[in-house]
$ cat work.csv   # CSV, C-alpha atoms
chain,number,residue,atom,x,y,z
Q,17,MET,CA,19.6,-4.8,15.7
Q,18,PHE,CA,17.8,-6.4,18.7
Q,19,ALA,CA,15.9,-9.6,19.5
Q,20,ILE,CA,12.7,-10.3,21.2
Q,21,THR,CA,13.1,-13.3,23.4
Q,22,ASN,CA,11.0,-15.5,25.8
Q,23,GLY,CA,7.8,-14.9,23.9
Q,24,GLU,CA,5.3,-17.0,22.1
Q,25,ILE,CA,5.5,-15.9,18.4
Q,26,VAL,CA,2.2,-15.9,16.6
Q,27,GLY,CA,3.0,-16.8,13.0
Q,28,GLU,CA,0.9,-17.1,9.9
Q,29,ASP,CA,0.2,-20.8,10.5
Q,30,GLY,CA,0.8,-21.4,14.2
Q,31,ILE,CA,2.5,-20.4,17.4
Q,32,ALA,CA,6.3,-20.8,17.7
Q,33,THR,CA,7.7,-21.4,21.2
Q,34,GLY,CA,11.4,-21.5,22.0
Q,35,MET,CA,12.2,-19.0,19.2
Q,36,ASP,CA,13.5,-15.5,19.1
Q,37,LEU,CA,12.5,-12.7,16.7
Q,38,ILE,CA,15.4,-10.6,15.4
Q,39,VAL,CA,14.7,-7.0,14.3
Q,40,GLU,CA,17.2,-5.1,12.2
Q,41,GLY,CA,16.5,-1.4,11.4
Q,42,ASP,CA,12.8,-1.1,10.6
Q,43,ALA,CA,12.3,-4.7,9.5
Q,44,ILE,CA,12.1,-8.2,10.8
Q,45,ALA,CA,15.4,-9.9,10.0
Q,46,ASP,CA,14.9,-13.5,11.2
Q,47,VAL,CA,13.2,-16.0,13.5
Q,48,VAL,CA,15.8,-18.3,15.1
Q,49,PRO,CA,15.9,-20.9,17.9
Q,50,ARG,CA,16.2,-19.4,21.3
Q,51,GLY,CA,19.8,-18.6,22.2
Q,52,ARG,CA,21.1,-18.2,18.7
Q,53,ALA,CA,20.0,-14.6,18.5
Q,54,ARG,CA,22.9,-13.7,20.9
Q,55,LEU,CA,25.3,-14.7,18.1
Q,56,ARG,CA,24.1,-11.7,16.2
Q,57,THR,CA,23.1,-9.1,18.9
Q,58,ASP,CA,23.5,-8.4,22.6
Q,59,GLN,CA,20.4,-6.3,22.6
Q,60,MET,CA,17.6,-8.5,23.9
Q,61,ALA,CA,14.0,-7.5,24.7
Q,62,ASP,CA,12.4,-9.9,27.2
Q,63,ALA,CA,8.8,-10.6,26.3
Q,64,ARG,CA,8.3,-12.5,29.6
Q,65,GLY,CA,6.0,-15.1,28.2
Q,66,ARG,CA,3.8,-12.7,26.3
Q,67,PHE,CA,2.4,-13.3,22.9
Q,68,VAL,CA,4.5,-11.7,20.1
Q,69,MET,CA,2.0,-10.7,17.4
Q,70,PRO,CA,1.9,-8.6,14.2
Q,71,GLY,CA,0.4,-5.2,14.6
Q,72,PHE,CA,-3.3,-5.0,13.7
Q,73,VAL,CA,-4.3,-3.5,10.3
Q,74,ASP,CA,-7.8,-1.9,10.7
Q,75,VAL,CA,-9.3,-1.2,7.3
Q,76,HIS,CA,-12.6,0.2,8.4
Q,77,SER,CA,-13.1,2.5,11.4
Q,78,ASP,CA,-15.0,5.8,11.7
Q,79,TYR,CA,-13.6,6.3,15.2
Q,80,ILE,CA,-11.7,9.4,14.2
Q,81,GLU,CA,-15.0,11.2,13.5
Q,82,ARG,CA,-16.0,10.7,17.2
Q,83,MET,CA,-12.6,11.8,18.4
Q,84,ALA,CA,-12.9,15.0,16.4
Q,85,ALA,CA,-16.6,15.6,17.2
Q,86,PRO,CA,-17.5,14.1,20.6
Q,87,ARG,CA,-20.8,16.1,20.4
Q,88,PRO,CA,-22.8,17.3,17.4
Q,89,THR,CA,-21.9,20.9,18.2
Q,90,SER,CA,-18.3,20.3,19.3
Q,91,LEU,CA,-15.6,20.1,16.7
Q,92,MET,CA,-12.1,19.7,18.2
Q,93,ASP,CA,-8.9,20.8,16.5
Q,94,LEU,CA,-8.5,18.1,13.8
Q,95,THR,CA,-4.7,17.7,14.1
Q,96,LEU,CA,-5.1,17.3,17.9
Q,97,SER,CA,-7.8,14.7,17.2
Q,98,LEU,CA,-5.5,12.6,15.0
Q,99,ARG,CA,-2.6,12.9,17.4
Q,100,GLU,CA,-4.7,11.8,20.4
Q,101,ALA,CA,-6.4,9.1,18.4
Q,102,GLU,CA,-3.2,7.5,17.4
Q,103,ARG,CA,-2.0,7.2,20.9
Q,104,GLU,CA,-5.2,5.5,21.9
Q,105,LEU,CA,-5.1,3.2,18.8
Q,106,ALA,CA,-1.6,2.1,19.7
Q,107,THR,CA,-2.8,0.9,23.1
Q,108,HIS,CA,-5.2,-1.4,21.3
Q,109,GLY,CA,-2.5,-2.9,19.1
Q,110,ILE,CA,-3.6,-1.1,15.9
Q,111,THR,CA,-0.4,-0.1,14.0
Q,112,THR,CA,-2.1,0.7,10.7
Q,113,MET,CA,-5.4,2.5,10.6
Q,114,PHE,CA,-7.6,3.2,7.6
Q,115,HIS,CA,-9.6,6.2,8.8
Q,116,SER,CA,-13.0,5.8,7.3
Q,117,LEU,CA,-14.2,9.3,6.5
Q,118,SER,CA,-17.6,9.7,4.9
Q,119,LEU,CA,-18.2,11.7,1.8
Q,120,PHE,CA,-22.0,12.5,1.9
Q,121,ASP,CA,-23.9,15.1,-0.1
Q,122,HIS,CA,-26.5,15.5,2.7
Q,123,LEU,CA,-27.1,14.4,6.3
Q,124,VAL,CA,-30.6,13.4,7.3
Q,125,PHE,CA,-30.2,12.3,10.9
Q,126,ASP,CA,-26.5,12.4,11.7
Q,127,SER,CA,-25.2,16.0,12.2
Q,128,ASN,CA,-21.6,15.1,12.7
Q,129,PRO,CA,-19.6,18.2,11.7
Q,130,VAL,CA,-16.7,16.2,10.5
Q,131,ARG,CA,-18.8,15.2,7.5
Q,132,ASP,CA,-19.0,18.7,6.4
Q,133,PRO,CA,-17.1,18.8,3.0
Q,134,GLU,CA,-14.6,21.4,4.2
Q,135,ASN,CA,-13.8,19.5,7.4
Q,136,THR,CA,-13.5,16.3,5.6
Q,137,LYS,CA,-11.1,17.9,3.2
Q,138,ARG,CA,-9.0,19.3,6.0
Q,139,PHE,CA,-8.9,15.9,7.7
Q,140,ILE,CA,-7.8,14.1,4.5
Q,141,ASP,CA,-5.0,16.7,4.1
Q,142,ILE,CA,-3.9,16.1,7.7
Q,143,ILE,CA,-3.8,12.3,7.1
Q,144,ALA,CA,-1.7,12.8,4.0
Q,145,ALA,CA,0.7,15.1,5.7
Q,146,SER,CA,1.2,12.6,8.5
Q,147,HIS,CA,3.2,10.3,6.2
Q,148,SER,CA,6.1,12.8,6.2
Q,149,SER,CA,5.8,14.3,9.6
Q,150,ARG,CA,6.3,12.8,13.1
Q,151,HIS,CA,3.7,10.1,13.8
Q,152,LEU,CA,3.2,6.9,15.9
Q,153,ILE,CA,1.2,4.6,13.7
Q,154,ARG,CA,0.5,4.3,9.9
Q,155,HIS,CA,-2.4,6.5,8.9
Q,156,ARG,CA,-4.4,5.8,5.8
Q,157,PHE,CA,-7.6,7.3,4.3
Q,158,HIS,CA,-10.5,5.0,3.5
Q,159,ALA,CA,-12.9,7.0,1.4
Q,160,ARG,CA,-16.5,6.0,2.1
Q,161,PHE,CA,-18.4,7.4,-1.0
Q,162,GLU,CA,-22.2,7.5,-0.8
Q,163,ILE,CA,-23.6,6.8,-4.3
Q,164,ASP,CA,-26.2,9.5,-4.2
Q,165,ASN,CA,-23.4,12.0,-3.8
Q,166,LEU,CA,-23.7,13.4,-7.3
Q,167,ARG,CA,-21.9,16.7,-6.5
Q,168,ARG,CA,-18.6,15.4,-5.2
Q,169,VAL,CA,-17.5,13.1,-8.0
Q,170,GLU,CA,-14.7,15.4,-9.1
Q,171,GLU,CA,-13.6,15.9,-5.5
Q,172,ILE,CA,-13.1,12.1,-4.8
Q,173,SER,CA,-11.4,11.8,-8.2
Q,174,GLY,CA,-9.0,14.5,-7.3
Q,175,TYR,CA,-8.1,12.9,-4.0
Q,176,ILE,CA,-7.4,9.6,-5.9
Q,177,ARG,CA,-5.2,11.3,-8.4
Q,178,ASP,CA,-3.3,13.2,-5.7
Q,179,GLY,CA,-2.5,9.9,-3.9
Q,180,LYS,CA,-4.5,10.7,-0.8
Q,181,VAL,CA,-6.9,7.7,-1.0
Q,182,HIS,CA,-5.8,4.3,0.1
Q,183,LEU,CA,-9.1,2.4,0.0
Q,184,ILE,CA,-12.5,3.4,-1.5
Q,185,SER,CA,-15.8,1.9,-0.7
Q,186,PHE,CA,-19.1,2.6,-2.5
Q,187,MET,CA,-22.0,2.9,0.0
Q,188,ASP,CA,-25.8,3.1,-0.3
Q,189,HIS,CA,-27.6,3.8,3.0
Q,190,THR,CA,-31.0,4.2,1.3
Q,191,PRO,CA,-33.6,2.8,3.7
Q,192,GLY,CA,-35.3,-0.3,2.5
Q,193,GLN,CA,-32.2,-2.2,1.3
Q,194,GLY,CA,-28.7,-3.1,2.5
Q,195,GLN,CA,-28.1,-2.3,6.1
Q,196,TYR,CA,-31.5,-0.7,6.5
Q,197,ARG,CA,-33.6,-3.3,4.6
Q,198,ASP,CA,-35.7,-3.6,7.8
Q,199,LEU,CA,-37.5,-0.2,8.0
Q,200,GLU,CA,-38.4,-0.7,11.6
Q,201,MET,CA,-34.7,-1.1,12.4
Q,202,TYR,CA,-34.0,2.0,10.4
Q,203,ARG,CA,-36.6,4.0,12.4
Q,204,GLY,CA,-35.0,2.8,15.6
Q,205,THR,CA,-31.6,3.8,14.4
Q,206,VAL,CA,-32.8,7.3,13.5
Q,207,LYS,CA,-34.4,7.8,16.9
Q,208,GLY,CA,-31.1,6.9,18.5
Q,209,TYR,CA,-29.6,9.9,16.8
Q,210,ARG,CA,-32.4,12.5,17.0
Q,211,ASP,CA,-35.6,13.2,18.8
Q,212,ILE,CA,-37.9,12.8,15.8
Q,213,SER,CA,-41.5,11.7,15.2
Q,214,ASP,CA,-42.6,8.7,13.1
Q,215,GLU,CA,-44.2,11.0,10.6
Q,216,GLU,CA,-40.9,12.9,10.1
Q,217,ILE,CA,-39.0,9.6,9.6
Q,218,ASP,CA,-41.6,8.4,7.1
Q,219,GLU,CA,-41.2,11.7,5.2
Q,220,ALA,CA,-37.4,11.2,5.2
Q,221,ILE,CA,-37.7,7.6,4.0
Q,222,VAL,CA,-39.8,8.7,1.0
Q,223,ARG,CA,-37.3,11.5,0.2
Q,224,LEU,CA,-34.3,9.3,0.5
Q,225,GLN,CA,-35.8,6.5,-1.6
Q,226,GLY,CA,-36.5,9.1,-4.3
Q,227,ARG,CA,-33.0,10.6,-4.5
Q,228,ALA,CA,-31.0,10.2,-7.7
Q,229,LYS,CA,-27.9,8.0,-7.6
Q,230,LEU,CA,-24.7,7.8,-9.6
Q,231,GLU,CA,-25.0,6.2,-13.0
Q,232,GLU,CA,-23.2,2.9,-13.4
Q,233,SER,CA,-20.8,4.5,-15.8
Q,234,THR,CA,-19.7,7.1,-13.3
Q,235,ILE,CA,-19.1,4.5,-10.5
Q,236,ARG,CA,-17.1,2.5,-13.0
Q,237,THR,CA,-15.0,5.5,-14.0
Q,238,ILE,CA,-14.2,6.2,-10.3
Q,239,ALA,CA,-13.4,2.6,-9.6
Q,240,GLU,CA,-11.2,2.3,-12.7
Q,241,LEU,CA,-9.3,5.4,-11.6
Q,242,ALA,CA,-8.8,3.9,-8.1
Q,243,ILE,CA,-7.6,0.5,-9.5
Q,244,SER,CA,-5.2,2.2,-11.9
Q,245,ASN,CA,-3.7,4.0,-8.9
Q,246,GLY,CA,-3.2,0.7,-7.0
Q,247,ILE,CA,-6.2,1.3,-4.7
Q,248,ALA,CA,-8.5,-1.5,-3.6
Q,249,VAL,CA,-12.2,-1.0,-4.2
Q,250,ALA,CA,-14.9,-2.2,-1.7
Q,251,SER,CA,-18.7,-2.5,-1.7
Q,252,HIS,CA,-20.7,-1.9,1.5
Q,253,ASP,CA,-23.7,-3.8,3.0
Q,254,ASP,CA,-24.1,-6.3,0.2
Q,255,ASP,CA,-27.4,-8.0,0.5
Q,256,THR,CA,-28.2,-9.9,-2.8
Q,257,ALA,CA,-26.4,-11.9,-5.4
Q,258,GLU,CA,-27.4,-9.4,-8.0
Q,259,LYS,CA,-25.7,-6.5,-6.1
Q,260,LEU,CA,-22.6,-8.6,-5.6
Q,261,ALA,CA,-22.4,-9.4,-9.3
Q,262,TYR,CA,-22.9,-5.7,-10.1
Q,263,VAL,CA,-20.1,-4.5,-7.7
Q,264,ARG,CA,-17.7,-7.3,-8.8
Q,265,GLY,CA,-18.3,-6.1,-12.4
Q,266,PHE,CA,-16.8,-2.7,-11.7
Q,267,GLY,CA,-13.8,-4.1,-9.9
Q,268,ALA,CA,-14.7,-4.4,-6.2
Q,269,THR,CA,-12.6,-7.0,-4.5
Q,270,ILE,CA,-13.8,-6.4,-0.9
Q,271,SER,CA,-17.3,-6.9,0.5
Q,272,GLU,CA,-17.8,-4.9,3.7
Q,273,PHE,CA,-20.4,-6.2,6.2
Q,274,PRO,CA,-22.4,-8.5,4.0
Q,275,ILE,CA,-25.9,-8.5,5.4
Q,276,THR,CA,-26.6,-12.3,5.4
Q,277,LEU,CA,-24.5,-15.5,5.4
Q,278,GLU,CA,-25.7,-16.2,1.9
Q,279,ALA,CA,-24.4,-12.9,0.7
Q,280,ALA,CA,-21.0,-13.5,2.4
Q,281,ARG,CA,-20.8,-16.9,0.8
Q,282,GLU,CA,-21.6,-15.5,-2.6
Q,283,ALA,CA,-19.0,-12.8,-2.2
Q,284,ARG,CA,-16.4,-15.4,-1.5
Q,285,ARG,CA,-17.6,-17.4,-4.5
Q,286,LEU,CA,-17.0,-14.4,-6.7
Q,287,GLY,CA,-13.5,-14.1,-5.4
Q,288,MET,CA,-14.1,-11.2,-3.0
Q,289,VAL,CA,-12.9,-11.0,0.6
Q,290,THR,CA,-15.4,-10.2,3.3
Q,291,VAL,CA,-15.1,-7.8,6.2
Q,292,ILE,CA,-16.9,-8.2,9.5
Q,293,GLY,CA,-17.0,-6.0,12.6
Q,294,ALA,CA,-15.1,-7.0,15.7
Q,295,PRO,CA,-17.8,-5.4,17.9
Q,296,ASN,CA,-20.3,-7.8,16.4
Q,297,VAL,CA,-18.2,-10.7,17.8
Q,298,LEU,CA,-18.2,-9.2,21.3
Q,299,LEU,CA,-21.9,-8.3,21.3
Q,300,GLY,CA,-22.9,-11.7,20.0
Q,301,GLY,CA,-24.5,-10.3,16.9
Q,302,SER,CA,-25.1,-7.3,14.7
Q,303,HIS,CA,-26.3,-4.1,16.2
Q,304,SER,CA,-28.4,-3.7,13.1
Q,305,GLY,CA,-29.9,-7.2,13.3
Q,306,ASN,CA,-27.9,-8.5,10.3
Q,307,LEU,CA,-25.2,-11.2,9.9
Q,308,SER,CA,-23.5,-12.6,13.0
Q,309,ALA,CA,-19.8,-12.1,12.6
Q,310,THR,CA,-19.0,-15.2,14.7
Q,311,GLU,CA,-21.3,-17.3,12.5
Q,312,ALA,CA,-19.5,-16.0,9.4
Q,313,VAL,CA,-16.1,-16.9,10.9
Q,314,MET,CA,-17.2,-20.4,11.8
Q,315,ASP,CA,-18.7,-20.8,8.4
Q,316,GLY,CA,-15.4,-19.8,6.7
Q,317,SER,CA,-17.1,-16.9,5.1
Q,318,ALA,CA,-15.3,-14.1,6.9
Q,319,ASP,CA,-11.8,-12.9,6.0
Q,320,ILE,CA,-11.2,-9.7,7.8
Q,321,LEU,CA,-12.0,-8.2,11.3
Q,322,CYS,CA,-12.2,-4.5,11.5
Q,323,SER,CA,-13.0,-2.3,14.5
Q,324,ASP,CA,-15.9,-0.4,12.7
Q,325,TYR,CA,-16.6,2.1,15.5
Q,326,TYR,CA,-14.9,0.6,18.6
Q,327,PRO,CA,-11.0,0.2,18.3
Q,328,ALA,CA,-10.7,-1.9,21.5
Q,329,ALA,CA,-12.8,-4.7,19.9
Q,330,ILE,CA,-10.2,-6.1,17.5
Q,331,LEU,CA,-7.9,-7.5,20.2
Q,332,HIS,CA,-10.7,-9.0,22.3
Q,333,ALA,CA,-12.5,-10.4,19.3
Q,334,VAL,CA,-9.3,-12.2,18.2
Q,335,PHE,CA,-8.8,-13.8,21.5
Q,336,ARG,CA,-12.5,-14.7,21.9
Q,337,LEU,CA,-12.6,-16.4,18.5
Q,338,ALA,CA,-9.3,-18.2,19.3
Q,339,GLU,CA,-10.2,-19.4,22.8
Q,340,GLU,CA,-14.0,-19.6,23.0
Q,341,GLU,CA,-14.9,-20.5,19.5
Q,342,GLY,CA,-11.9,-22.8,18.8
Q,343,VAL,CA,-10.6,-20.9,15.8
Q,344,GLY,CA,-7.0,-20.9,17.0
Q,345,LEU,CA,-4.9,-17.9,17.8
Q,346,ALA,CA,-2.9,-17.9,14.5
Q,347,SER,CA,-6.0,-18.1,12.4
Q,348,ALA,CA,-7.9,-15.5,14.4
Q,349,THR,CA,-4.9,-13.2,14.3
Q,350,ARG,CA,-4.7,-13.4,10.5
Q,351,LEU,CA,-8.2,-11.9,10.3
Q,352,ALA,CA,-6.8,-8.7,11.8
Q,353,THR,CA,-3.3,-8.7,10.3
Q,354,LEU,CA,-2.3,-10.5,7.1
Q,355,ASN,CA,-5.7,-10.8,5.6
Q,356,PRO,CA,-6.6,-7.0,5.7
Q,357,ALA,CA,-3.0,-6.1,4.7
Q,358,SER,CA,-3.3,-8.3,1.7
Q,359,ALA,CA,-6.8,-7.0,0.8
Q,360,VAL,CA,-5.5,-3.4,0.7
Q,361,LYS,CA,-2.3,-4.4,-1.2
Q,362,MET,CA,0.0,-4.0,1.7
Q,363,GLY,CA,0.6,-7.7,2.4
Q,364,ASP,CA,4.2,-7.6,1.1
Q,365,GLU,CA,5.0,-4.9,3.6
Q,366,ILE,CA,3.1,-5.6,6.8
Q,367,GLY,CA,0.7,-8.1,8.3
Q,368,SER,CA,2.9,-10.9,9.5
Q,369,LEU,CA,6.1,-11.6,11.4
Q,370,THR,CA,7.9,-12.6,8.2
Q,371,PRO,CA,11.5,-11.7,7.6
Q,372,GLY,CA,11.8,-8.7,5.3
Q,373,LYS,CA,8.5,-7.1,6.4
Q,374,LYS,CA,8.2,-4.0,8.5
Q,375,ALA,CA,8.7,-4.7,12.2
Q,376,ASP,CA,5.2,-3.7,13.3
Q,377,ILE,CA,4.9,-5.9,16.5
Q,378,ILE,CA,2.7,-6.0,19.6
Q,379,LEU,CA,3.3,-7.8,22.8
Q,380,VAL,CA,0.1,-9.1,24.5
Q,381,GLU,CA,-0.1,-10.2,28.1
Q,382,LYS,CA,-2.9,-12.1,29.7
Q,383,ILE,CA,-4.0,-10.5,33.0
Q,384,ASP,CA,-6.8,-11.1,35.5
Q,385,GLY,CA,-7.1,-14.8,34.6
Q,386,GLY,CA,-7.2,-14.3,30.8
Q,387,PHE,CA,-7.9,-10.7,29.9
Q,388,PRO,CA,-5.6,-9.8,26.9
Q,389,ALA,CA,-3.8,-6.5,27.2
Q,390,VAL,CA,-1.3,-4.9,24.8
Q,391,THR,CA,1.8,-4.0,26.8
Q,392,THR,CA,4.4,-3.0,24.1
Q,393,VAL,CA,4.0,-1.7,20.5
Q,394,PHE,CA,6.7,-1.5,17.9
Q,395,VAL,CA,6.3,0.3,14.6
Q,396,ASP,CA,9.1,0.1,12.1
Q,397,GLY,CA,11.2,-1.6,14.8
Q,398,ARG,CA,10.8,1.3,17.2
Q,399,VAL,CA,9.0,1.1,20.6
Q,400,ILE,CA,6.1,3.6,20.4
Q,401,MET,CA,4.2,2.5,23.5
Q,402,THR,CA,4.9,0.4,26.5
Q,403,THR,CA,2.9,-0.1,29.7
Q,404,ASP,CA,3.1,-2.4,32.7
Q,405,TYR,CA,0.2,-3.5,34.8
Q,406,ARG,CA,1.1,-3.1,38.5
Q,407,GLN,CA,-0.1,-5.3,41.3
Q,408,ARG,CA,-0.2,-4.0,44.9
Q,409,LYS,CA,1.7,-6.3,47.3
Q,410,PRO,CA,-0.3,-7.6,50.2

$ encode --input "work.csv" --output "structure tokens"
Amino acid sequence: MFAITNGEIVGEDGIATGMDLIVEGDAIADVVPRGRARLRTDQMADARGRFVMPGFVDVHSDYIERMAAPRPTSLMDLTLSLREAERELATHGITTMFHSLSLFDHLVFDSNPVRDPENTKRFIDIIAASHSSRHLIRHRFHARFEIDNLRRVEEISGYIRDGKVHLISFMDHTPGQGQYRDLEMYRGTVKGYRDISDEEIDEAIVRLQGRAKLEESTIRTIAELAISNGIAVASHDDDTAEKLAYVRGFGATISEFPITLEAAREARRLGMVTVIGAPNVLLGGSHSGNLSATEAVMDGSADILCSDYYPAAILHAVFRLAEEEGVGLASATRLATLNPASAVKMGDEIGSLTPGKKADIILVEKIDGGFPAVTTVFVDGRVIMTTDYRQRKP
């Protein structure tokens, strides 16, 4: 048993000052007025005025693909990639990561070797094995299943039955709708990946728009299998009320990256929670020209912040929303902790500094006049990372 003292504890509804957080074993035991913790333990961790926050729960990030394949022709050892990724993720305050691996049937402009079926399978097995081997953070598998992937239905069903999937999202990247409803934006994205002519892109658009997609009955069967195994179901890039009604009908409870504010509002009306990207907050808008994440937060139409492709963004988006947009630190923190944990059915275990929950805790210091930096990370009550910014004396 030990206590974290002299910190500002970020709770679900506000910031508690003058309080100590007691940890016993792998769980949070109590939050008590400062000084009383010494009646129960002599082991004190001095937060030195830092914020004491729950660890971040990142439900959507394909960062692991970039760690494993930093170049299109360079595939690193996959175990090494996961081990190195988790050390980096911890420094950003992410204590639970849903690695978002894509299950495609074909690749048009993205030649990432991780998306090869055999490599994806290997990575999924490595993530599953991490639960019972030495690890720093909680690793989970978010299956991103493209709905024109007709040949891998049994594969994804097998992963679900084997307990290797922890979140599934159904995705449609067909140009002309969803994320790529603006074909000029699509052309620009493709050219960012490959040196390709407009004529080749136009041919690819026609080919992609003509591809067969999973029948509704098949999607429903996969979704029902996931739900029966306690797995949350998400939809991706929702752009119309019709699509939202459709995905809600087969059990989706999460809307990832709604394209417009109207779509985000409709998702909320249907009882779904919405996911926005933290990089969108930092950039001041969507890199695809779609919904502004900050606008969605201020409208009350955003529930969850994820890192998407840039893990460092969550911490800084939380503080930017709290301090520059007036959201408040407790409310902004919930977007990256309790809300995502609840959406993926882990809210009873992690996501807040509530007695009885796992002691996944981060200490955040403000340096350089306000720059937030994670200095200590606890997972299951154990310190897995600590750092201290030094300052040269004059």

$ closest_residue --input "work.csv" --among "Q:Pro70, Q:Pro88, Q:Pro295, Q:Pro49" --to "Thr370 in chain Q" --atoms "all atoms listed in the file"
Q:Pro70

$ closest_residue --input "work.csv" --among "Q:Ile20, Q:Ile247, Q:Ala389, Q:Ile377" --to "Val48 in chain Q" --atoms "all atoms listed in the file"
Q:Ile20

$ closest_residue --input "work.csv" --among "Q:Leu345, Q:Ala338, Q:Val75, Q:Met35" --to "Tyr325 in chain Q" --atoms "all atoms listed in the file"
Q:Val75

$ closest_residue --input "work.csv" --among "Q:Ala346, Q:Leu331, Q:Ala280, Q:Ile235" --to "Ala318 in chain Q" --atoms "all atoms listed in the file"
Q:Ala280

$ closest_residue --input "work.csv" --among "Q:Val390, Q:Ala144, Q:Met288, Q:Ala357" --to "Ile330 in chain Q" --atoms "all atoms listed in the file"
Q:Val390

$ atom_distance --input "work.csv" --atom1 "CA of Lys259 in chain Q" --atom2 "CA of Leu299 in chain Q"
27.7 Å

$ closest_residue --input "work.csv" --among "Q:Asp74, Q:Glu381, Q:Glu278, Q:Asp132" --to "Thr112 in chain Q" --atoms "all atoms listed in the file"
Q:Asp74

$ axis_aligned_box --input "work.csv" --around "range 148-158 of chain Q" --padding-each-side "3 Å" --output "lines of an AutoDock Vina configuration file"
center_x = -2.1
center_y = 9.3
center_z = 9.7
size_x = 22.8
size_y = 16.0
size_z = 18.4

$ atom_distance --input "work.csv" --atom1 "CA of Gly41 in chain Q" --atom2 "CA of Thr107 in chain Q"
22.7 Å

$ residues_around --input "work.csv" --residues "Asp42 in chain Q" --least-positions-apart "3" --cutoff "10 Å" --atoms "only C-alpha atoms" --output "list of chain:residue names"
Q:Met17, Q:Val39, Q:Ala45, Q:Gly372, Q:Lys373, Q:Lys374, Q:Ala375, Q:Asp376, Q:Phe394, Q:Val395, Q:Asp396, Q:Gly397, Q:Arg398

$ decode --input "work.csv" --residues "range 250-279 of chain Q" --atoms "C-alpha atoms" --output "tab-separated table (two decimals), in the first residue's frame"
chain	number	residue	atom	x	y	z
Q	250	ALA	CA	-18.35	0.53	-34.18
Q	251	SER	CA	-19.09	2.16	-37.50
Q	252	HIS	CA	-16.56	4.36	-39.30
Q	253	ASP	CA	-16.87	7.68	-41.17
Q	254	ASP	CA	-20.64	7.99	-40.83
Q	255	ASP	CA	-21.91	10.69	-43.17
Q	256	THR	CA	-25.72	10.37	-43.41
Q	257	ALA	CA	-28.70	9.70	-41.17
Q	258	GLU	CA	-29.51	6.71	-43.37
Q	259	LYS	CA	-26.12	5.10	-42.76
Q	260	LEU	CA	-26.37	5.73	-39.03
Q	261	ALA	CA	-29.80	4.09	-38.87
Q	262	TYR	CA	-28.38	1.14	-40.81
Q	263	VAL	CA	-25.36	0.60	-38.54
Q	264	ARG	CA	-27.40	1.15	-35.40
Q	265	GLY	CA	-29.73	-1.54	-36.68
Q	266	PHE	CA	-27.03	-4.21	-36.58
Q	267	GLY	CA	-25.85	-3.22	-33.11
Q	268	ALA	CA	-23.19	-0.53	-33.55
Q	269	THR	CA	-22.92	1.63	-30.44
Q	270	ILE	CA	-19.87	3.69	-31.47
Q	271	SER	CA	-19.61	6.14	-34.37
Q	272	GLU	CA	-15.96	6.76	-35.26
Q	273	PHE	CA	-15.10	10.05	-36.94
Q	274	PRO	CA	-18.57	11.22	-38.06
Q	275	ILE	CA	-18.03	13.31	-41.17
Q	276	THR	CA	-20.26	16.27	-40.28
Q	277	LEU	CA	-21.65	17.90	-37.16
Q	278	GLU	CA	-25.12	16.83	-38.28
Q	279	ALA	CA	-23.95	13.20	-38.44
